[in-house]
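A.B. asks: Structure below; questions to follow.
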Amino acid sequence: MPDIYVAPHHKEKKKTTQTKEVVLPNVKSRAGPHYMLSSFVVRPTGVRFETQENTEEVVLLLRRHFITNTPWVIGTLLLIVFPFFAVPMMSIFMQQVISFLSPAWIGILTLFWYLVTFGFLLFNFVDWYFNVYIITDKRVVDVDLIALIYKEISSAELDKIEDVTYRQGGAWLTIFNYGDVLIQTAGTHPNFEFSAVANPNKVVSVITQLIEQIP
Amino acid sequence: MEFISISQTLVKLLFLLLLGVYVVFAAIMVRQEQLMSRVVVIEAVAPILRVLIWLHLIFSVALFFLALILL
């Protein structure tokens with residue numbers, strides 16, 4: 001008996017599991033150990049974060065622009081050279097205090113001074129080093145470490161991002177090309193502010209392009 | 001004479017207390033680095049930073065005991 005109706009065979013569409021290659025807009029990849037201290041690293045190698053998925057790739061690793069470290073770098077240099085000027089001055093104007101201190105006291109105080117200087121340097125460096133903004137091909141992650149004892153890690157998927165803008169004003173920021181990137185997210189997700197990041201225009205461009213590439 | 005001796009002891013105790021607080025600060029820095037290096041792993045820099053932070057703690061403890069003995 002002839003078939004009245006034969007349903008056409010639909011070829012099942014193969015689900016592609018391969019993720020699309022993310023093309024970065026006019027940003028040179030500068031991966032390597034010496035760039036790990038940079039404030040703008042494209043596709044860094046050897047960088048992972050706690051909640052990273054196996055298929056997730058870090059596209060940008062950002063920190064505050066290194067120029068924002070100027071106050072504490074100058075502060076550290078001043079702390080290093082201060083005893084060279086202060087001790088001779090004290091020996092002239094505060095002779096009684098100097099005579100009161102035994103050589104052991106002077107030695108311990110000098111060591112303590114340079115220990116505190118080293119601690120000041122480390123504290124500020126760690127504060128800068130661990131305050132990172134990570135942009136992956138799936139989300140943005142903001143890691144905040146405040147005064148060593150308080151940390152906050154927040155993330156938002158790229159499809160939850162509604163608006164990305166940047167703010168750059170003032171001579172200093174224009175000369176060194178850094179500024180704040182503001183990321184608005186949908187619903188209850190927190191908004192993000194990447195403070196004083198280098199090349200904010202490129203950051204916005206990369207995020208926008210990543211959002212466009214979401215399948 | 002006795003007043004000077006008491007004041008010297010007091011200054012020494014206060015200085016040791018200050019050094020003790022500093023040792024706690026150095027220990028907090030070590031712990032925080034351990035926790036943060038789990039959150040963000042940067043293989044190229046992490047070992048160097050860890051060594052520096054541990055050296056800072058070791059020097060702090062050493063200075064505390066040095067002060068305790070010498071002063």
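Just remember, in the structure tokens the first chain shown is A, the second B, etc., residues are 1-based per chain, and ligands are 1-based in the order shown.
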Report the residues of chain A whose backbone DSSP state falls under alpha helix (DSSP H), written as number ranges by chain.
C.D. replies: A: 70-93, 95-100, 103-130, 171-176, 200-212
A.B. asks: What are the closest atom pairs, with distances in Å to one decimal, for each residue of stretch 142-211 of chain A lying within 12 Å of stretch 12-31 of chain B, using only C-alpha atoms, rows by chain and rising residue number, as CSV?
C.D. replies:
```
residue,atom,partner,partner_atom,distance
A:Leu145,CA,B:Met29,CA,11.9
A:Ala147,CA,B:Met29,CA,10.1
A:Leu148,CA,B:Met29,CA,6.9
A:Ile149,CA,B:Ile28,CA,8.0
A:Tyr150,CA,B:Ile28,CA,11.6
```
A.B. asks: Counting only C-alpha atoms, which residues of chain A come no farther than 9 Å from chain B, as a ChimeraX atom specification?
C.D. replies: /A:32-34,36-37,45-51,102,104-105,108,111-112,115-116,118-119,122-123,126,130,132,143,145,148-149,151,153
A.B. asks: Report the distance between atom CA of B:Glu2 and atom CA of B:Ile69 in Å, rounded to one decimal place.
C.D. replies: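 Computed distance, atom CA of B:Glu2 to atom CA of B:Ile69, equals 21.7 Å.
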A.B. asks: Have a look at atom CA of A:Val203 and atom CA of A:Ile175 and let me know their distance in Å, one decimal.
C.D. replies: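 Atom-to-atom, atom CA of A:Val203 to atom CA of A:Ile175, that is 17.4 Å.
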A.B. asks: For atom CA of A:Trp113 and atom CA of A:Pro88, quote the distance in Å rounded to one decimal.
C.D. replies: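 Atom CA of A:Pro88 lies 15.9 Å from atom CA of A:Trp113.
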A.B. asks: Among stretch 54-146 of chain A, which ones does DSSP assign to strand (DSSP E or B) (computed from the backbone)? Answer as a list of chain:residue names.
C.D. replies: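 Here is the list: A:Val58, A:Val59, A:Leu60, A:Leu61, A:Leu62, A:Arg64, A:Val132, A:Tyr133, A:Ile134, A:Ile135, A:Thr136, A:Arg139, A:Val140, A:Val141, A:Asp142, A:Val143, A:Asp144, A:Leu145, A:Ile146.
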A.B. asks: Please produce an output containing C-alpha atoms for each residue in the selection, written as a short mmCIF file (atom, residue, chain, number, x, y, z; two decimals), in the first residue's frame.
C.D. replies:
```
data_model
loop_
_atom_site.label_atom_id
_atom_site.label_comp_id
_atom_site.auth_asym_id
_atom_site.auth_seq_id
_atom_site.Cartn_x
_atom_site.Cartn_y
_atom_site.Cartn_z
CA VAL A 58 41.04 34.49 30.98
CA VAL A 59 41.01 37.17 28.31
CA LEU A 60 42.15 40.19 30.33
CA LEU A 61 43.84 40.58 33.69
CA LEU A 62 43.60 44.13 34.97
CA ARG A 64 45.01 49.70 38.89
CA VAL A 132 42.50 42.40 40.21
CA TYR A 133 39.78 42.55 37.64
CA ILE A 134 39.49 39.49 35.45
CA ILE A 135 37.59 39.33 32.21
CA THR A 136 37.03 35.86 30.81
CA ARG A 139 32.12 36.64 32.80
CA VAL A 140 33.79 39.48 34.62
CA VAL A 141 35.30 38.95 38.06
CA ASP A 142 36.21 41.65 40.56
CA VAL A 143 38.60 40.68 43.38
CA ASP A 144 38.91 43.31 46.09
CA LEU A 145 41.30 43.13 49.01
CA ILE A 146 40.90 46.02 51.41
#
```
A.B. asks: Which residue out of A:Ile161, A:Leu101, A:Leu182, A:Ile67 has the minimum interatomic distance to B:Val11 when only C-alpha atoms are used?
C.D. replies: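 Checking each candidate against B:Val11, we get A:Leu101 as the closest.
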